[in-house]
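The next block is input.cif, given as mmCIF, C-alpha atoms and all ligand atoms.
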data_work
#
loop_
_atom_site.label_atom_id
_atom_site.label_comp_id
_atom_site.auth_asym_id
_atom_site.auth_seq_id
_atom_site.Cartn_x
_atom_site.Cartn_y
_atom_site.Cartn_z
CA MET T 1 1.25 -29.92 0.80
CA ALA T 2 3.51 -26.95 0.06
CA ARG T 3 3.27 -24.17 2.61
CA VAL T 4 3.56 -20.69 1.07
CA LEU T 5 3.97 -17.49 3.08
CA ILE T 6 3.38 -14.08 1.54
CA VAL T 7 4.65 -11.26 3.73
CA GLY T 8 2.60 -8.07 3.24
CA ALA T 9 -1.15 -7.62 2.80
CA GLY T 10 -0.82 -4.71 0.38
CA LEU T 11 -1.82 -4.71 -3.28
CA THR T 12 1.21 -6.74 -4.42
CA GLY T 13 0.90 -9.40 -1.70
CA SER T 14 -2.87 -9.77 -2.00
CA LEU T 15 -2.72 -10.04 -5.79
CA CYS T 16 0.12 -12.60 -5.57
CA ALA T 17 -2.15 -14.61 -3.27
CA ALA T 18 -5.13 -14.39 -5.64
CA LEU T 19 -3.04 -15.26 -8.72
CA LEU T 20 -1.48 -18.22 -6.88
CA LYS T 21 -4.91 -19.53 -6.09
CA ARG T 22 -6.02 -19.10 -9.73
CA GLN T 23 -2.91 -20.72 -11.22
CA ALA T 24 -1.80 -23.40 -8.76
CA SER T 25 -2.21 -26.86 -10.20
CA GLY T 26 -2.03 -28.69 -6.87
CA PRO T 27 -3.16 -27.99 -3.30
CA LEU T 28 -1.34 -25.24 -1.45
CA GLN T 29 -1.45 -23.96 2.08
CA LEU T 30 -1.34 -20.22 1.62
CA SER T 31 -0.73 -17.73 4.46
CA VAL T 32 -0.39 -13.96 4.42
CA TRP T 33 1.27 -12.14 7.33
CA ASP T 34 1.19 -8.39 7.87
CA LYS T 35 2.48 -6.29 10.74
CA ALA T 36 -0.47 -3.91 10.45
CA GLU T 37 -3.93 -4.25 12.02
CA ASP T 38 -5.76 -4.51 8.71
CA ALA T 39 -5.28 -5.09 5.00
CA GLY T 40 -4.25 -2.41 2.51
CA GLY T 41 -0.64 -1.42 3.11
CA ARG T 42 -0.15 1.89 1.31
CA MET T 43 -3.66 1.48 -0.03
CA THR T 44 -5.11 1.79 3.46
CA THR T 45 -8.55 3.11 4.33
CA ALA T 46 -8.99 4.49 7.85
CA ASN T 47 -12.27 4.57 9.78
CA SER T 48 -13.56 7.30 12.04
CA PRO T 49 -13.40 6.06 15.65
CA HIS T 50 -16.97 7.33 16.12
CA HIS T 51 -18.60 6.11 12.94
CA LEU T 52 -17.05 3.16 11.13
CA GLN T 53 -18.77 4.05 7.86
CA CYS T 54 -17.01 7.41 7.81
CA THR T 55 -13.75 6.47 6.05
CA ALA T 56 -10.74 8.06 4.41
CA ASP T 57 -8.06 6.79 2.03
CA LEU T 58 -4.79 7.81 3.69
CA GLY T 59 -2.44 6.41 1.01
CA ALA T 60 -3.34 5.97 -2.66
CA GLN T 61 -6.14 8.34 -3.74
CA TYR T 62 -7.19 7.30 -7.22
CA ILE T 63 -5.99 4.99 -9.94
CA THR T 64 -4.81 6.39 -13.24
CA CYS T 65 -4.96 3.97 -16.14
CA THR T 66 -2.92 4.87 -19.22
CA PRO T 67 -3.89 3.53 -22.68
CA TYR T 68 -0.92 1.13 -22.52
CA TYR T 69 -2.00 -0.45 -19.22
CA ALA T 70 -5.69 -0.32 -20.19
CA LYS T 71 -4.71 -2.87 -22.80
CA ILE T 72 -2.23 -5.12 -21.00
CA HIS T 73 -4.07 -5.11 -17.63
CA GLN T 74 -7.55 -4.98 -19.11
CA SER T 75 -8.80 -8.11 -17.36
CA PHE T 76 -7.87 -6.65 -13.94
CA TYR T 77 -9.71 -3.40 -14.60
CA ASP T 78 -12.72 -5.17 -16.13
CA GLU T 79 -13.09 -7.45 -13.14
CA LEU T 80 -12.87 -4.68 -10.51
CA LEU T 81 -15.24 -2.47 -12.51
CA ALA T 82 -17.76 -5.29 -13.02
CA GLN T 83 -17.79 -5.91 -9.25
CA GLY T 84 -18.25 -2.22 -8.46
CA ILE T 85 -14.95 -2.14 -6.55
CA LEU T 86 -13.67 0.49 -8.97
CA LYS T 87 -15.80 3.29 -10.44
CA PRO T 88 -14.77 6.11 -12.78
CA LEU T 89 -13.57 9.22 -10.96
CA THR T 90 -16.16 11.84 -11.85
CA SER T 91 -15.70 14.53 -9.18
CA PRO T 92 -13.31 17.42 -9.90
CA ILE T 93 -9.71 17.27 -8.69
CA LYS T 94 -8.18 20.74 -9.07
CA GLY T 95 -4.64 20.80 -10.44
CA MET T 96 -4.67 17.16 -11.57
CA VAL T 97 -2.58 16.65 -14.70
CA MET T 98 -4.61 14.63 -17.20
CA LYS T 99 -2.90 13.16 -20.25
CA ASP T 100 -4.79 12.24 -23.41
CA GLY T 101 -6.39 8.82 -23.17
CA ASP T 102 -5.90 8.37 -19.42
CA SER T 103 -8.83 7.28 -17.30
CA ASN T 104 -9.09 7.65 -13.53
CA PHE T 105 -10.88 5.41 -11.07
CA VAL T 106 -11.82 5.51 -7.39
CA ALA T 107 -12.87 2.77 -5.01
CA PRO T 108 -16.25 3.80 -3.52
CA GLN T 109 -15.81 1.56 -0.43
CA GLY T 110 -12.27 2.83 0.08
CA VAL T 111 -9.12 1.85 -1.76
CA SER T 112 -8.40 -1.01 0.69
CA SER T 113 -11.50 -2.79 -0.68
CA ILE T 114 -9.36 -3.78 -3.70
CA ILE T 115 -6.90 -5.58 -1.43
CA LYS T 116 -9.69 -7.19 0.62
CA HIS T 117 -11.26 -8.44 -2.59
CA TYR T 118 -8.06 -10.21 -3.68
CA LEU T 119 -7.38 -11.65 -0.22
CA LYS T 120 -10.88 -13.08 -0.10
CA GLU T 121 -10.53 -14.60 -3.56
CA SER T 122 -7.21 -16.20 -2.58
CA GLY T 123 -8.71 -18.12 0.32
CA ALA T 124 -5.42 -17.48 2.18
CA GLU T 125 -5.25 -17.48 5.95
CA VAL T 126 -4.50 -13.84 6.72
CA TYR T 127 -2.79 -12.89 9.97
CA PHE T 128 -2.41 -9.30 11.15
CA ARG T 129 -0.05 -8.01 13.87
CA HIS T 130 2.50 -10.51 12.48
CA ARG T 131 5.72 -8.55 12.02
CA VAL T 132 8.44 -10.72 10.44
CA THR T 133 11.80 -10.08 12.10
CA GLN T 134 14.04 -12.97 11.07
CA ILE T 135 14.32 -15.49 8.25
CA ASN T 136 16.54 -18.57 8.62
CA LEU T 137 17.21 -21.66 6.54
CA SER T 138 16.46 -24.94 8.26
CA ASN T 139 16.35 -28.36 6.50
CA GLU T 140 15.53 -26.87 3.09
CA LYS T 141 12.68 -24.85 4.58
CA TRP T 142 12.31 -21.24 5.62
CA GLU T 143 12.03 -20.68 9.33
CA VAL T 144 10.24 -17.37 9.72
CA SER T 145 10.29 -15.58 13.08
CA ARG T 146 7.96 -12.77 14.08
CA GLU T 147 8.07 -10.13 16.76
CA LYS T 148 5.60 -11.87 19.07
CA GLY T 149 4.92 -15.60 18.94
CA SER T 150 6.77 -18.68 17.75
CA SER T 151 8.53 -19.15 14.42
CA GLU T 152 6.96 -21.23 11.63
CA GLN T 153 8.32 -23.16 8.66
CA PHE T 154 7.40 -22.62 5.03
CA ASP T 155 8.45 -24.13 1.69
CA LEU T 156 8.10 -20.92 -0.29
CA LEU T 157 8.42 -17.29 0.66
CA VAL T 158 7.26 -14.10 -1.09
CA LEU T 159 8.31 -10.75 0.45
CA THR T 160 6.35 -7.68 -0.64
CA MET T 161 7.24 -5.02 1.92
CA PRO T 162 9.15 -1.87 0.89
CA VAL T 163 12.74 -2.80 0.00
CA PRO T 164 14.43 -1.11 3.03
CA GLN T 165 12.24 -3.29 5.27
CA ILE T 166 13.48 -6.39 3.42
CA LEU T 167 17.07 -5.31 4.07
CA GLN T 168 16.28 -4.91 7.80
CA LEU T 169 15.36 -8.59 8.21
CA GLN T 170 17.74 -10.56 10.44
CA GLY T 171 19.02 -14.13 10.26
CA ASP T 172 20.40 -16.25 7.41
CA ILE T 173 18.66 -14.12 4.78
CA GLN T 174 21.40 -11.52 5.35
CA ASN T 175 24.00 -13.95 3.97
CA LEU T 176 21.86 -15.19 1.08
CA ILE T 177 21.67 -11.82 -0.62
CA SER T 178 24.57 -11.57 -3.07
CA GLU T 179 26.72 -8.44 -3.17
CA GLY T 180 25.25 -7.46 -6.55
CA GLN T 181 21.69 -7.95 -5.34
CA ARG T 182 22.38 -5.98 -2.17
CA GLN T 183 23.67 -3.07 -4.24
CA GLN T 184 20.53 -3.15 -6.37
CA LEU T 185 18.27 -3.34 -3.31
CA GLU T 186 20.12 -0.51 -1.58
CA SER T 187 19.67 1.71 -4.63
CA VAL T 188 15.86 1.60 -4.27
CA SER T 189 14.63 4.83 -2.68
CA TYR T 190 11.31 6.24 -1.52
CA SER T 191 9.86 9.64 -0.75
CA SER T 192 8.44 10.30 2.73
CA ARG T 193 5.32 12.22 3.65
CA TYR T 194 2.56 12.40 6.22
CA ALA T 195 -1.15 11.88 5.64
CA LEU T 196 -3.78 13.27 7.96
CA GLY T 197 -7.38 12.04 7.98
CA LEU T 198 -10.07 14.23 9.56
CA PHE T 199 -13.53 12.86 10.28
CA TYR T 200 -16.52 15.17 10.76
CA GLU T 201 -20.01 14.91 12.16
CA ALA T 202 -22.88 13.89 9.85
CA GLY T 203 -24.68 16.83 8.32
CA LEU T 204 -21.60 19.05 8.08
CA LYS T 205 -21.05 20.63 4.66
CA ILE T 206 -17.61 21.56 3.42
CA ASP T 207 -18.58 24.09 0.83
CA VAL T 208 -15.90 24.01 -1.87
CA PRO T 209 -16.32 23.44 -5.63
CA TRP T 210 -13.83 20.54 -5.74
CA ALA T 211 -13.42 17.03 -4.35
CA GLY T 212 -9.66 17.23 -4.32
CA GLN T 213 -7.01 19.83 -4.86
CA TYR T 214 -3.27 19.86 -5.46
CA ILE T 215 -1.69 22.73 -3.52
CA THR T 216 1.43 24.30 -5.00
CA SER T 217 2.00 27.30 -2.73
CA ASN T 218 2.24 25.75 0.75
CA PRO T 219 5.47 24.38 2.26
CA CYS T 220 3.56 21.76 4.26
CA ILE T 221 0.47 20.72 2.32
CA ARG T 222 0.59 19.16 -1.16
CA PHE T 223 -2.88 17.67 -1.58
CA ILE T 224 -6.31 17.86 0.04
CA SER T 225 -9.31 15.73 -0.70
CA ILE T 226 -12.85 15.66 0.59
CA ASP T 227 -12.54 11.93 0.56
CA ASN T 228 -16.20 10.88 0.55
CA LYS T 229 -16.92 13.42 -2.21
CA LYS T 230 -13.96 12.10 -4.23
CA ARG T 231 -15.49 8.62 -3.97
CA ASN T 232 -19.00 9.90 -4.80
CA ILE T 233 -20.57 8.63 -1.59
CA GLU T 234 -21.97 11.80 -0.07
CA SER T 235 -24.74 10.83 2.32
CA PRO T 236 -26.76 12.75 4.95
CA ASP T 237 -26.10 10.00 7.53
CA ILE T 238 -22.32 9.89 7.24
CA GLY T 239 -20.09 12.84 8.00
CA PRO T 240 -17.53 14.09 5.50
CA SER T 241 -13.89 13.07 5.75
CA LEU T 242 -10.88 15.08 4.74
CA VAL T 243 -7.46 13.78 3.70
CA ILE T 244 -4.37 15.97 3.70
CA HIS T 245 -1.07 14.81 2.19
CA THR T 246 2.04 16.78 3.09
CA THR T 247 4.80 17.76 0.71
CA VAL T 248 7.83 15.48 0.59
CA PRO T 249 10.24 18.16 1.97
CA PHE T 250 7.93 18.57 4.99
CA GLY T 251 7.72 14.79 5.41
CA VAL T 252 11.51 14.44 5.30
CA THR T 253 12.08 17.33 7.74
CA TYR T 254 9.64 16.01 10.36
CA LEU T 255 10.20 12.28 9.81
CA GLU T 256 11.51 11.62 13.33
CA HIS T 257 9.19 14.06 15.11
CA ASN T 258 6.32 13.15 17.36
CA THR T 259 3.23 12.43 15.23
CA GLU T 260 0.96 14.52 17.49
CA ASP T 261 3.21 17.56 17.03
CA VAL T 262 3.26 17.00 13.26
CA GLN T 263 -0.54 16.80 13.23
CA GLU T 264 -0.71 20.21 14.96
CA LEU T 265 1.61 21.72 12.32
CA ILE T 266 -0.53 20.33 9.49
CA LEU T 267 -3.77 21.58 11.10
CA ARG T 268 -2.29 25.07 11.48
CA GLN T 269 -1.38 25.17 7.77
CA LEU T 270 -4.81 23.80 6.82
CA GLU T 271 -6.42 26.77 8.56
CA ASN T 272 -4.69 29.01 5.98
CA ILE T 273 -6.09 27.01 3.06
CA LEU T 274 -9.58 26.18 4.41
CA PRO T 275 -10.25 28.75 7.15
CA GLY T 276 -13.02 28.18 9.69
CA LEU T 277 -13.31 24.38 9.51
CA PRO T 278 -15.07 23.03 12.60
CA GLN T 279 -13.37 20.60 15.02
CA PRO T 280 -13.26 17.06 13.61
CA VAL T 281 -14.75 14.28 15.76
CA GLY T 282 -11.83 12.01 14.90
CA THR T 283 -8.34 12.26 13.42
CA LYS T 284 -5.73 9.85 12.15
CA CYS T 285 -2.19 10.93 11.35
CA GLN T 286 -0.16 8.46 9.30
CA LYS T 287 3.57 8.68 8.73
CA TRP T 288 4.58 7.23 5.35
CA ARG T 289 8.31 6.69 5.79
CA TYR T 290 8.27 4.72 2.52
CA SER T 291 5.66 6.58 0.51
CA GLN T 292 6.34 6.39 -3.22
CA VAL T 293 9.30 4.88 -5.04
CA THR T 294 11.67 7.51 -6.41
CA ASN T 295 14.25 4.99 -7.69
CA ALA T 296 13.15 1.48 -8.56
CA ALA T 297 15.55 -1.48 -8.73
CA THR T 298 17.31 -1.44 -12.09
CA ASN T 299 17.44 -4.42 -14.46
CA CYS T 300 14.83 -6.24 -12.42
CA PRO T 301 11.83 -7.73 -14.21
CA GLY T 302 9.33 -6.81 -11.49
CA GLN T 303 10.80 -9.14 -8.90
CA MET T 304 14.09 -10.33 -7.45
CA THR T 305 14.71 -14.00 -6.73
CA LEU T 306 16.99 -14.28 -3.68
CA HIS T 307 17.11 -18.06 -3.34
CA LEU T 308 16.05 -21.10 -5.39
CA LYS T 309 15.91 -24.12 -3.06
CA PRO T 310 13.87 -23.36 -1.05
CA PHE T 311 12.40 -20.54 -3.11
CA LEU T 312 12.41 -16.92 -1.93
CA VAL T 313 11.30 -14.03 -4.11
CA CYS T 314 10.78 -10.29 -3.46
CA GLY T 315 8.19 -8.16 -5.22
CA GLY T 316 6.37 -4.87 -4.84
CA ASP T 317 6.45 -1.39 -6.31
CA GLY T 318 10.19 -1.10 -5.52
CA PHE T 319 10.76 -3.37 -8.53
CA THR T 320 8.43 -1.46 -10.86
CA GLN T 321 6.69 1.84 -10.06
CA SER T 322 4.45 3.21 -7.30
CA ASN T 323 0.96 2.75 -8.63
CA PHE T 324 -1.74 0.19 -9.28
CA ASP T 325 -0.23 -1.02 -12.56
CA GLY T 326 3.26 -1.21 -11.05
CA CYS T 327 1.98 -3.58 -8.36
CA ILE T 328 0.06 -5.70 -10.89
CA THR T 329 3.17 -5.97 -13.06
CA SER T 330 5.23 -7.08 -10.08
CA ALA T 331 2.66 -9.63 -8.90
CA ILE T 332 2.49 -11.16 -12.40
CA CYS T 333 6.32 -11.37 -12.54
CA VAL T 334 6.46 -12.98 -9.08
CA LEU T 335 3.90 -15.57 -10.17
CA GLU T 336 5.79 -16.28 -13.40
CA THR T 337 8.93 -17.26 -11.44
CA LEU T 338 7.01 -18.96 -8.64
CA LYS T 339 5.09 -21.26 -10.99
CA HIS T 340 8.20 -23.29 -11.72
CA HIS T 341 8.83 -24.01 -8.04
CA ILE T 342 5.47 -25.24 -6.79
C1 LIG T 401 0.62 8.97 0.25
C2 LIG T 401 0.56 8.03 -0.92
C3 LIG T 401 -0.18 8.35 -2.05
C4 LIG T 401 -0.25 7.47 -3.12
N1 LIG T 401 -1.05 7.78 -4.18
C5 LIG T 401 -1.26 6.85 -5.14
C6 LIG T 401 -2.28 7.05 -6.12
O1 LIG T 401 -3.01 8.07 -6.10
N2 LIG T 401 -2.45 6.09 -7.08
C7 LIG T 401 -1.71 4.94 -7.09
O2 LIG T 401 -1.94 4.07 -7.95
N3 LIG T 401 -0.76 4.72 -6.16
C8 LIG T 401 -0.52 5.64 -5.19
N4 LIG T 401 0.40 5.40 -4.21
C9 LIG T 401 1.29 4.20 -4.34
C10 LIG T 401 0.60 2.91 -3.93
O3 LIG T 401 -0.12 3.10 -2.74
C11 LIG T 401 1.67 1.84 -3.74
O4 LIG T 401 2.44 1.72 -4.93
C12 LIG T 401 1.09 0.47 -3.43
O5 LIG T 401 0.08 0.53 -2.45
C13 LIG T 401 2.23 -0.46 -2.97
O6 LIG T 401 1.71 -1.75 -2.69
P1 LIG T 401 2.66 -2.92 -2.20
O7 LIG T 401 1.79 -4.06 -1.88
O8 LIG T 401 3.77 -3.12 -3.17
O9 LIG T 401 3.37 -2.38 -0.86
P2 LIG T 401 2.63 -1.97 0.56
O10 LIG T 401 1.27 -1.46 0.30
O11 LIG T 401 3.60 -1.12 1.26
O12 LIG T 401 2.50 -3.39 1.27
C14 LIG T 401 3.52 -3.94 2.07
C15 LIG T 401 2.92 -4.49 3.35
O13 LIG T 401 3.96 -5.13 4.08
C16 LIG T 401 3.74 -4.92 5.46
N5 LIG T 401 5.03 -5.11 6.13
C17 LIG T 401 6.14 -4.34 6.07
N6 LIG T 401 7.13 -4.87 6.80
C18 LIG T 401 6.64 -6.01 7.34
C19 LIG T 401 7.18 -7.01 8.20
N7 LIG T 401 8.45 -6.96 8.65
N8 LIG T 401 6.40 -8.05 8.56
C20 LIG T 401 5.11 -8.14 8.12
N9 LIG T 401 4.53 -7.21 7.31
C21 LIG T 401 5.30 -6.18 6.93
C22 LIG T 401 3.18 -3.51 5.54
O14 LIG T 401 2.42 -3.35 6.74
C23 LIG T 401 2.33 -3.43 4.28
O15 LIG T 401 0.97 -3.73 4.54
C24 LIG T 401 0.47 6.25 -3.10
C25 LIG T 401 1.20 5.92 -1.95
C26 LIG T 401 1.24 6.78 -0.87
C27 LIG T 401 1.99 6.36 0.38
C1 LIG T 402 18.42 -17.68 13.12
O1 LIG T 402 19.81 -17.61 12.84
C2 LIG T 402 20.53 -16.72 13.70
C3 LIG T 402 21.96 -16.69 13.21
O2 LIG T 402 22.01 -16.35 11.83
C4 LIG T 402 20.41 -17.18 15.13
O3 LIG T 402 21.06 -16.26 15.99
C5 LIG T 402 18.90 -17.28 15.50
O4 LIG T 402 18.79 -17.80 16.81
C6 LIG T 402 18.17 -18.15 14.53
N1 LIG T 402 16.73 -18.10 14.83
C7 LIG T 402 15.97 -19.19 14.96
C8 LIG T 402 14.52 -18.95 15.25
O5 LIG T 402 16.40 -20.31 14.86
#

Output the structure of this file as structure tokens.
Amino acid sequence: MARVLIVGAGLTGSLCAALLKRQASGPLQLSVWDKAEDAGGRMTTANSPHHLQCTADLGAQYITCTPYYAKIHQSFYDELLAQGILKPLTSPIKGMVMKDGDSNFVAPQGVSSIIKHYLKESGAEVYFRHRVTQINLSNEKWEVSREKGSSEQFDLLVLTMPVPQILQLQGDIQNLISEGQRQQLESVSYSSRYALGLFYEAGLKIDVPWAGQYITSNPCIRFISIDNKKRNIESPDIGPSLVIHTTVPFGVTYLEHNTEDVQELILRQLENILPGLPQPVGTKCQKWRYSQVTNAATNCPGQMTLHLKPFLVCGGDGFTQSNFDGCITSAICVLETLKHHI
């Protein structure tokens, strides 16, 4: 039975896993490895340490569907809407640019519920705290090493982490990337920013007429959302949660600083925008070194095949664009090439 490893439990990796399960004609042993503690990647949903139901989306906030993608990805939207995983965004986001015909969606249980849905459907064995460090070729198989634990062998490999993290992998893979491919991979760039999640006690009201707001006049803060209000799940038993995204210039300037110091800087700026907020009961500061793609790989149809026998393919938003439809496009392209090698 062919052993397949997908590296990355983000939207691209989880959807690749689900599509593989749907389309495979024979039996497969499917594994997903991620270095993180939970599924989601840049569609992560953090929990308050004091109340697990108090959650906040620290990466992607809402999904914008253009008329073009409403048509070509209709089955994906229909399925997630039918299951209640996506719901229309109905609460006001101040400063959001809406184009004619666009629709916006939120995930009431947190954006990571989309990824968990696909992983569950795939039936894959999912392993967290599995950071891939090295990929070697051994007897026509991939020998994949991780930071802690022994290496394992696979017949097929799909890499979905941000492109710079693919280039950091050690071992034979370094020599398998052609000069042209390396140039293309090195041209992929990302913005950097921080996200801060603040969790409050139940019963607290944050009295503002919006659920989210783009800020244009602050050097540090670009976006604020009252996350539970954005997702339409205000409840008397669960405290509100706030998400703050920094500007990219701030993220770049403080990229190598201590996260606790950065959190203090963000909180100080927040006081100017929302004065008098009480102390949160929990906080989570997330550094997004690779936040959103600013330059995608050129001339790449949503994936890049690095090796044929055994098969190794890379996918993710670095080969398309940084949003829901970009990841779907990439996962479909990965599957298209993969199909011929199973
Ligand atoms: C702050 C922010 C706001 C955003 N806002 C929106 C939005 O509003 N709407 C929208 O549609 N999109 C938004 N995006 C973009 C969207 O989140 C991404 O395009 C999408 O989540 C990318 O999914 P992916 O699976 O390709 O990559 P990722 O989600 O990055 O998944 C890659 C996974 O690989 C894992 N990994 C990395 N290296 C290794 C390794 N060596 N070994 C094992 N695992 C590894 C990571 O832990 C990660 O889970 C936003 C992103 C950010 C950061
Ligand atoms: C992988 O190959 C490198 C040389 O490219 C070697 O140093 C390393 O020990 C190999 N790892 C495993 C697990 O065999």

Between T:His340, T:Lys230, T:Lys141, T:Arg42, which has the minimum distance to ligand LIG 402 (chain T) (counting all atoms listed in the file)?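 The shortest atom-to-atom distance to ligand LIG 402 (chain T) comes from T:Lys141.
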
What is the atom CA of T:Asn218 to atom CA of T:Leu270 distance in Å? 9.5 Å

Report as a PyMOL selection string which protein, DNA and RNA residues come within 7 Å of ligand LIG 402 (chain T), using all atoms listed in the file. chain T and resi 134-136+143+145+151+171-172

Create the file for the chosen residues now, containing C-alpha atoms and written as a PDB file, in the frame of the given file.
ATOM      1  CA  GLN T 134      14.040 -12.970  11.070  1.00  0.00           C
ATOM      2  CA  ILE T 135      14.320 -15.490   8.250  1.00  0.00           C
ATOM      3  CA  ASN T 136      16.540 -18.570   8.620  1.00  0.00           C
ATOM      4  CA  GLU T 143      12.030 -20.680   9.330  1.00  0.00           C
ATOM      5  CA  SER T 145      10.290 -15.580  13.080  1.00  0.00           C
ATOM      6  CA  SER T 151       8.530 -19.150  14.420  1.00  0.00           C
ATOM      7  CA  GLY T 171      19.020 -14.130  10.260  1.00  0.00           C
ATOM      8  CA  ASP T 172      20.400 -16.250   7.410  1.00  0.00           C
TER       9      ASP T 172
END

Could you give me the residues within 6 Å of ligand LIG 401 (chain T), counting all atoms listed in the file, as a ChimeraX atom specification? /T:7-13,33-36,40-43,59-63,130-133,160-162,165,288,291-292,316-317,322-324,327

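In this comparison, which uses all atoms listed in the file, the residue of T:Leu28, T:Leu19, T:Ile238, T:Leu267 approaching T:Arg3 most closely is T:Leu28.
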